[in-house]
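Q: The structure is given below, and queries will be raised subsequently.
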Amino acid sequence: MMSERKRKGEERKEKFLDKNTIGYYRNKPVIRAFGRYMYIDDKGRSKPIPPSELKKWKEKQKEESG
């Protein structure tokens, strides 16, 4: 019973990430949350992109998009 619920949660998380991912930082999905750019680590926790890296990351995203 528990594993079925976990699977449903995983599915929901994947749909959320598919819809809200705006890019990748160190091969991890990035979402916009709480007025800042957050990446989702391997454990599923959201962490902010460090300010020192943010400018480089934004420039890289611009290059990739056009």
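We label chains A, B, ... in the order they appear in the structure tokens, count residues from 1 in each chain, and number ligands from 1 in the order shown.
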Can you pull out every residue within 12 Å of Lys62 in chain A, counting only C-alpha atoms, but drop anything in the same chain fewer than 6 positions away, and send it as a list in words?

A: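 Here the answer would be Ile22, Gly23, Lys55 and Lys56 of chain A.
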
Q: Any chance you could list, as a PyMOL selection string, the residues in chain A that come up helix (DSSP H, G or I) when DSSP is run on the backbone?

A: chain A and resi 2-20+51-65

Q: Work out how far CA of Tyr39 in chain A is from CA of Tyr24 in chain A, in Å to one decimal.

A: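 Value for the CA of Tyr24 in chain A-CA of Tyr39 in chain A distance: 7.7 Å.
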
Q: Would you give me, as a compact mmCIF listing (two decimals) with N, CA and C atoms, in the first residue's frame, the residues in chain A that DSSP reads as strand (DSSP E)?

A:
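Result went into selection18.txt, see below:
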# COMPACT_ATOMS: atom_id res chain seq x y z
N GLY A 23 15.18 25.46 -16.58
CA GLY A 23 16.55 25.24 -17.01
C GLY A 23 17.20 24.21 -16.09
N TYR A 24 18.50 24.04 -16.29
CA TYR A 24 19.23 23.08 -15.46
C TYR A 24 20.49 23.73 -14.91
N TYR A 25 20.79 23.43 -13.65
CA TYR A 25 21.99 23.91 -12.97
C TYR A 25 22.72 22.69 -12.45
N LYS A 28 20.71 19.56 -12.65
CA LYS A 28 19.56 19.44 -11.76
C LYS A 28 18.51 20.45 -12.21
N PRO A 29 17.21 20.07 -12.16
CA PRO A 29 16.17 20.98 -12.65
C PRO A 29 16.07 22.25 -11.80
N VAL A 30 15.83 23.37 -12.48
CA VAL A 30 15.70 24.66 -11.81
C VAL A 30 14.27 25.15 -11.95
N ILE A 31 13.70 25.62 -10.84
CA ILE A 31 12.36 26.21 -10.86
C ILE A 31 12.44 27.62 -10.29
N ARG A 32 11.41 28.41 -10.56
CA ARG A 32 11.32 29.75 -10.00
C ARG A 32 10.39 29.65 -8.80
N ALA A 33 10.90 29.93 -7.61
CA ALA A 33 10.07 29.84 -6.41
C ALA A 33 10.53 30.86 -5.38
N ARG A 36 12.99 33.63 -6.29
CA ARG A 36 14.38 33.33 -6.66
C ARG A 36 14.44 32.03 -7.45
N TYR A 37 15.60 31.77 -8.00
CA TYR A 37 15.80 30.54 -8.77
C TYR A 37 16.28 29.46 -7.82
N MET A 38 15.56 28.33 -7.80
CA MET A 38 15.91 27.23 -6.91
C MET A 38 16.19 26.00 -7.75
N TYR A 39 17.20 25.23 -7.36
CA TYR A 39 17.42 23.96 -8.03
C TYR A 39 17.02 22.83 -7.09
N ILE A 40 16.60 21.71 -7.68
CA ILE A 40 16.15 20.56 -6.89
C ILE A 40 17.32 19.59 -6.80
N SER A 46 14.66 21.68 -2.44
CA SER A 46 14.98 22.84 -3.27
C SER A 46 16.02 23.70 -2.56
N LYS A 47 17.00 24.13 -3.32
CA LYS A 47 18.06 24.97 -2.78
C LYS A 47 18.28 26.13 -3.73
N PRO A 48 18.54 27.33 -3.20
CA PRO A 48 18.77 28.46 -4.10
C PRO A 48 20.11 28.34 -4.82

Q: Considering only C-alpha atoms, return as a tab-separated table (two decimals) with N, CA and C atoms, in the first residue's frame whatever protein or nucleic-acid residues lie within 10 Å of range 4-16 of chain A, sequence-local ones (same chain, fewer than 3 positions apart) excluded.

A:
chain	number	residue	atom	x	y	z
A	1	MET	N	0.84	-1.20	0.00
A	1	MET	CA	0.00	0.00	0.00
A	1	MET	C	0.88	1.26	0.00
A	19	LYS	N	6.56	20.63	-15.86
A	19	LYS	CA	5.82	21.86	-16.14
A	19	LYS	C	6.59	23.11	-15.71
A	20	ASN	N	7.30	23.04	-14.60
A	20	ASN	CA	7.89	24.23	-14.00
A	20	ASN	C	9.40	24.39	-14.20
A	21	THR	N	10.05	23.41	-14.79
A	21	THR	CA	11.49	23.51	-14.98
A	21	THR	C	11.80	24.59	-16.01
A	31	ILE	N	13.70	25.62	-10.84
A	31	ILE	CA	12.36	26.21	-10.86
A	31	ILE	C	12.44	27.62	-10.29
A	44	GLY	N	15.61	15.72	-3.53
A	44	GLY	CA	14.31	16.34	-3.77
A	44	GLY	C	14.10	17.64	-3.01

Q: Go ahead and compute the interatomic distance for CA of Lys43 in chain A and CA of Trp57 in chain A, in Å to one decimal.

A: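 These two atoms are separated by 21.7 Å.
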